[in-house]
Amino acid sequence: DFSKVYFNEILKIKKDVTTDVDLDGNLATAEADAYGSDTMTQTFATVIEGKYSNSVSIAAAD
């Protein structure tokens with residue numbers, strides 16, 4: 001499989017999160033860091049309450 005993804009974005013994010021988790025079953029975690037010039041990381045997550053969740057991560061360096 002091959003795909004091209006192009007982004008031209010300006011993001012300004014302010015986030016307040018409160019959570020209470022009681023989990024039985026599965027857990028997945030992810031972390032992304034970008035250091036130096038010409039690097040980028042971005043993560044997209046989708047949650048359908050009570051049904052499923054997924055995420056996609058993109059990393060690039062020049």
# chains A, B, ... in the order shown; residues from 1 in each chain; ligands from 1
call {"tool": "residues_around", "arguments": {"residues": "segment 37-40 of chain A", "least_positions_apart": "6", "cutoff": "9 Å", "atoms": "only C-alpha atoms", "output": "PyMOL selection string"}}
result
chain A and resi 58-62
call {"tool": "write_last_selection", "arguments": {"atoms": "N, CA and C atoms", "output": "PDB file, in the first residue's frame"}}
result
ATOM      1  N   ILE A  58       1.171  10.175  12.455  1.00  0.00           N
ATOM      2  CA  ILE A  58       1.980  10.559  11.313  1.00  0.00           C
ATOM      3  C   ILE A  58       3.251  11.198  11.828  1.00  0.00           C
ATOM      4  N   ALA A  59       4.376  10.783  11.296  1.00  0.00           N
ATOM      5  CA  ALA A  59       5.655  11.381  11.656  1.00  0.00           C
ATOM      6  C   ALA A  59       6.428  11.690  10.393  1.00  0.00           C
ATOM      7  N   ALA A  60       7.108  12.840  10.384  1.00  0.00           N
ATOM      8  CA  ALA A  60       7.877  13.231   9.200  1.00  0.00           C
ATOM      9  C   ALA A  60       9.147  13.942   9.615  1.00  0.00           C
ATOM     10  N   ALA A  61      10.195  13.739   8.841  1.00  0.00           N
ATOM     11  CA  ALA A  61      11.463  14.458   9.046  1.00  0.00           C
ATOM     12  C   ALA A  61      12.063  14.726   7.690  1.00  0.00           C
ATOM     13  N   ASP A  62      12.655  15.897   7.555  1.00  0.00           N
ATOM     14  CA  ASP A  62      13.261  16.290   6.286  1.00  0.00           C
ATOM     15  C   ASP A  62      14.759  16.064   6.356  1.00  0.00           C
TER      16      ASP A  62
END
call {"tool": "select_by_dssp", "arguments": {"residues": "chain A", "states": "strand (DSSP E or B)", "output": "PDB file with N, CA and C atoms, in the first residue's frame"}}
result
ATOM      1  N   THR A  39      10.895  18.742  11.548  1.00  0.00           N
ATOM      2  CA  THR A  39      10.294  17.503  12.050  1.00  0.00           C
ATOM      3  C   THR A  39       8.846  17.783  12.441  1.00  0.00           C
ATOM      4  N   MET A  40       7.991  16.755  12.394  1.00  0.00           N
ATOM      5  CA  MET A  40       6.587  16.926  12.688  1.00  0.00           C
ATOM      6  C   MET A  40       6.001  15.594  13.138  1.00  0.00           C
ATOM      7  N   THR A  41       5.189  15.623  14.160  1.00  0.00           N
ATOM      8  CA  THR A  41       4.388  14.460  14.544  1.00  0.00           C
ATOM      9  C   THR A  41       2.950  14.916  14.733  1.00  0.00           C
ATOM     10  N   GLN A  42       2.017  14.051  14.439  1.00  0.00           N
ATOM     11  CA  GLN A  42       0.606  14.381  14.596  1.00  0.00           C
ATOM     12  C   GLN A  42      -0.161  13.091  14.833  1.00  0.00           C
ATOM     13  N   THR A  43      -1.110  13.137  15.743  1.00  0.00           N
ATOM     14  CA  THR A  43      -1.912  11.966  16.071  1.00  0.00           C
ATOM     15  C   THR A  43      -3.392  12.314  15.963  1.00  0.00           C
ATOM     16  N   PHE A  44      -4.155  11.462  15.320  1.00  0.00           N
ATOM     17  CA  PHE A  44      -5.599  11.603  15.211  1.00  0.00           C
ATOM     18  C   PHE A  44      -6.238  10.438  15.972  1.00  0.00           C
ATOM     19  N   ALA A  45      -7.261  10.720  16.740  1.00  0.00           N
ATOM     20  CA  ALA A  45      -7.942   9.658  17.486  1.00  0.00           C
ATOM     21  C   ALA A  45      -9.442   9.770  17.276  1.00  0.00           C
ATOM     22  N   THR A  46     -10.093   8.613  17.187  1.00  0.00           N
ATOM     23  CA  THR A  46     -11.544   8.543  17.049  1.00  0.00           C
ATOM     24  C   THR A  46     -12.084   7.619  18.131  1.00  0.00           C
ATOM     25  N   VAL A  47     -13.118   8.059  18.815  1.00  0.00           N
ATOM     26  CA  VAL A  47     -13.745   7.229  19.840  1.00  0.00           C
ATOM     27  C   VAL A  47     -15.244   7.218  19.576  1.00  0.00           C
ATOM     28  N   ILE A  48     -15.802   6.035  19.448  1.00  0.00           N
ATOM     29  CA  ILE A  48     -17.242   5.851  19.387  1.00  0.00           C
ATOM     30  C   ILE A  48     -17.620   5.198  20.712  1.00  0.00           C
ATOM     31  N   TYR A  52     -15.955   1.423  19.894  1.00  0.00           N
ATOM     32  CA  TYR A  52     -14.548   1.239  19.540  1.00  0.00           C
ATOM     33  C   TYR A  52     -13.811   2.569  19.580  1.00  0.00           C
ATOM     34  N   SER A  53     -12.508   2.464  19.533  1.00  0.00           N
ATOM     35  CA  SER A  53     -11.664   3.646  19.380  1.00  0.00           C
ATOM     36  C   SER A  53     -10.481   3.274  18.504  1.00  0.00           C
ATOM     37  N   ASN A  54      -9.944   4.259  17.799  1.00  0.00           N
ATOM     38  CA  ASN A  54      -8.748   4.023  16.999  1.00  0.00           C
ATOM     39  C   ASN A  54      -7.957   5.309  16.894  1.00  0.00           C
ATOM     40  N   SER A  55      -6.699   5.187  16.475  1.00  0.00           N
ATOM     41  CA  SER A  55      -5.885   6.367  16.278  1.00  0.00           C
ATOM     42  C   SER A  55      -4.920   6.130  15.119  1.00  0.00           C
ATOM     43  N   VAL A  56      -4.512   7.233  14.523  1.00  0.00           N
ATOM     44  CA  VAL A  56      -3.537   7.210  13.432  1.00  0.00           C
ATOM     45  C   VAL A  56      -2.453   8.203  13.782  1.00  0.00           C
ATOM     46  N   SER A  57      -1.198   7.813  13.630  1.00  0.00           N
ATOM     47  CA  SER A  57      -0.081   8.706  13.906  1.00  0.00           C
ATOM     48  C   SER A  57       0.713   8.943  12.636  1.00  0.00           C
ATOM     49  N   ILE A  58       1.171  10.175  12.455  1.00  0.00           N
ATOM     50  CA  ILE A  58       1.980  10.559  11.313  1.00  0.00           C
ATOM     51  C   ILE A  58       3.251  11.198  11.828  1.00  0.00           C
ATOM     52  N   ALA A  59       4.376  10.783  11.296  1.00  0.00           N
ATOM     53  CA  ALA A  59       5.655  11.381  11.656  1.00  0.00           C
ATOM     54  C   ALA A  59       6.428  11.690  10.393  1.00  0.00           C
ATOM     55  N   ALA A  60       7.108  12.840  10.384  1.00  0.00           N
ATOM     56  CA  ALA A  60       7.877  13.231   9.200  1.00  0.00           C
ATOM     57  C   ALA A  60       9.147  13.942   9.615  1.00  0.00           C
ATOM     58  N   ALA A  61      10.195  13.739   8.841  1.00  0.00           N
ATOM     59  CA  ALA A  61      11.463  14.458   9.046  1.00  0.00           C
ATOM     60  C   ALA A  61      12.063  14.726   7.690  1.00  0.00           C
TER      61      ALA A  61
END
call {"tool": "atom_distance", "arguments": {"atom1": "atom CA of Glu49 of chain A", "atom2": "atom CA of Val5 of chain A"}}
result
27.8 Å
call {"tool": "atom_distance", "arguments": {"atom1": "atom CA of Gly50 of chain A", "atom2": "atom CA of Gly25 of chain A"}}
result
12.9 Å
call {"tool": "decode", "arguments": {"residues": "chain A", "atoms": "C-alpha atoms", "output": "PDB file, in the first residue's frame"}}
result
ATOM      1  CA  ASP A   1       0.000   0.000   0.000  1.00  0.00           C
ATOM      2  CA  PHE A   2       1.145   3.532  -0.746  1.00  0.00           C
ATOM      3  CA  SER A   3      -0.461   6.833   0.084  1.00  0.00           C
ATOM      4  CA  LYS A   4       0.475  10.491  -0.004  1.00  0.00           C
ATOM      5  CA  VAL A   5      -0.720  12.780   2.758  1.00  0.00           C
ATOM      6  CA  TYR A   6      -0.294  16.556   2.561  1.00  0.00           C
ATOM      7  CA  PHE A   7      -1.032  18.933   5.431  1.00  0.00           C
ATOM      8  CA  ASN A   8      -1.030  22.689   5.572  1.00  0.00           C
ATOM      9  CA  GLU A   9      -2.411  23.523   9.001  1.00  0.00           C
ATOM     10  CA  ILE A  10      -2.232  26.084  11.744  1.00  0.00           C
ATOM     11  CA  LEU A  11      -3.343  24.551  15.021  1.00  0.00           C
ATOM     12  CA  LYS A  12      -4.122  26.394  18.223  1.00  0.00           C
ATOM     13  CA  ILE A  13      -5.267  23.967  20.887  1.00  0.00           C
ATOM     14  CA  LYS A  14      -6.434  24.550  24.445  1.00  0.00           C
ATOM     15  CA  LYS A  15      -7.518  21.370  26.124  1.00  0.00           C
ATOM     16  CA  ASP A  16      -9.034  20.596  29.532  1.00  0.00           C
ATOM     17  CA  VAL A  17      -9.509  16.910  30.243  1.00  0.00           C
ATOM     18  CA  THR A  18     -11.266  15.228  33.138  1.00  0.00           C
ATOM     19  CA  THR A  19     -11.587  11.471  33.143  1.00  0.00           C
ATOM     20  CA  ASP A  20     -12.610   8.580  35.369  1.00  0.00           C
ATOM     21  CA  VAL A  21     -11.618   5.207  33.955  1.00  0.00           C
ATOM     22  CA  ASP A  22     -12.561   1.741  35.160  1.00  0.00           C
ATOM     23  CA  LEU A  23     -11.144  -0.513  32.460  1.00  0.00           C
ATOM     24  CA  ASP A  24     -11.421  -4.254  32.050  1.00  0.00           C
ATOM     25  CA  GLY A  25     -10.011  -5.701  28.859  1.00  0.00           C
ATOM     26  CA  ASN A  26      -7.804  -3.860  26.392  1.00  0.00           C
ATOM     27  CA  LEU A  27      -5.594  -0.791  26.625  1.00  0.00           C
ATOM     28  CA  ALA A  28      -3.408   0.897  24.020  1.00  0.00           C
ATOM     29  CA  THR A  29      -1.142   3.879  24.584  1.00  0.00           C
ATOM     30  CA  ALA A  30       0.855   6.090  22.231  1.00  0.00           C
ATOM     31  CA  GLU A  31       3.366   8.907  22.504  1.00  0.00           C
ATOM     32  CA  ALA A  32       4.782  11.243  19.873  1.00  0.00           C
ATOM     33  CA  ASP A  33       7.709  13.678  19.999  1.00  0.00           C
ATOM     34  CA  ALA A  34       9.305  15.902  17.378  1.00  0.00           C
ATOM     35  CA  TYR A  35      12.721  17.466  17.957  1.00  0.00           C
ATOM     36  CA  GLY A  36      14.743  19.860  15.843  1.00  0.00           C
ATOM     37  CA  SER A  37      13.923  21.744  12.702  1.00  0.00           C
ATOM     38  CA  ASP A  38      11.966  20.144   9.868  1.00  0.00           C
ATOM     39  CA  THR A  39      10.294  17.503  12.050  1.00  0.00           C
ATOM     40  CA  MET A  40       6.587  16.926  12.688  1.00  0.00           C
ATOM     41  CA  THR A  41       4.388  14.460  14.544  1.00  0.00           C
ATOM     42  CA  GLN A  42       0.606  14.381  14.596  1.00  0.00           C
ATOM     43  CA  THR A  43      -1.912  11.966  16.071  1.00  0.00           C
ATOM     44  CA  PHE A  44      -5.599  11.603  15.211  1.00  0.00           C
ATOM     45  CA  ALA A  45      -7.942   9.658  17.486  1.00  0.00           C
ATOM     46  CA  THR A  46     -11.544   8.543  17.049  1.00  0.00           C
ATOM     47  CA  VAL A  47     -13.745   7.229  19.840  1.00  0.00           C
ATOM     48  CA  ILE A  48     -17.242   5.851  19.387  1.00  0.00           C
ATOM     49  CA  GLU A  49     -18.465   5.568  22.964  1.00  0.00           C
ATOM     50  CA  GLY A  50     -19.096   1.991  23.991  1.00  0.00           C
ATOM     51  CA  LYS A  51     -18.170   0.611  20.568  1.00  0.00           C
ATOM     52  CA  TYR A  52     -14.548   1.239  19.540  1.00  0.00           C
ATOM     53  CA  SER A  53     -11.664   3.646  19.380  1.00  0.00           C
ATOM     54  CA  ASN A  54      -8.748   4.023  16.999  1.00  0.00           C
ATOM     55  CA  SER A  55      -5.885   6.367  16.278  1.00  0.00           C
ATOM     56  CA  VAL A  56      -3.537   7.210  13.432  1.00  0.00           C
ATOM     57  CA  SER A  57      -0.081   8.706  13.906  1.00  0.00           C
ATOM     58  CA  ILE A  58       1.980  10.559  11.313  1.00  0.00           C
ATOM     59  CA  ALA A  59       5.655  11.381  11.656  1.00  0.00           C
ATOM     60  CA  ALA A  60       7.877  13.231   9.200  1.00  0.00           C
ATOM     61  CA  ALA A  61      11.463  14.458   9.046  1.00  0.00           C
ATOM     62  CA  ASP A  62      13.261  16.290   6.286  1.00  0.00           C
TER      63      ASP A  62
END
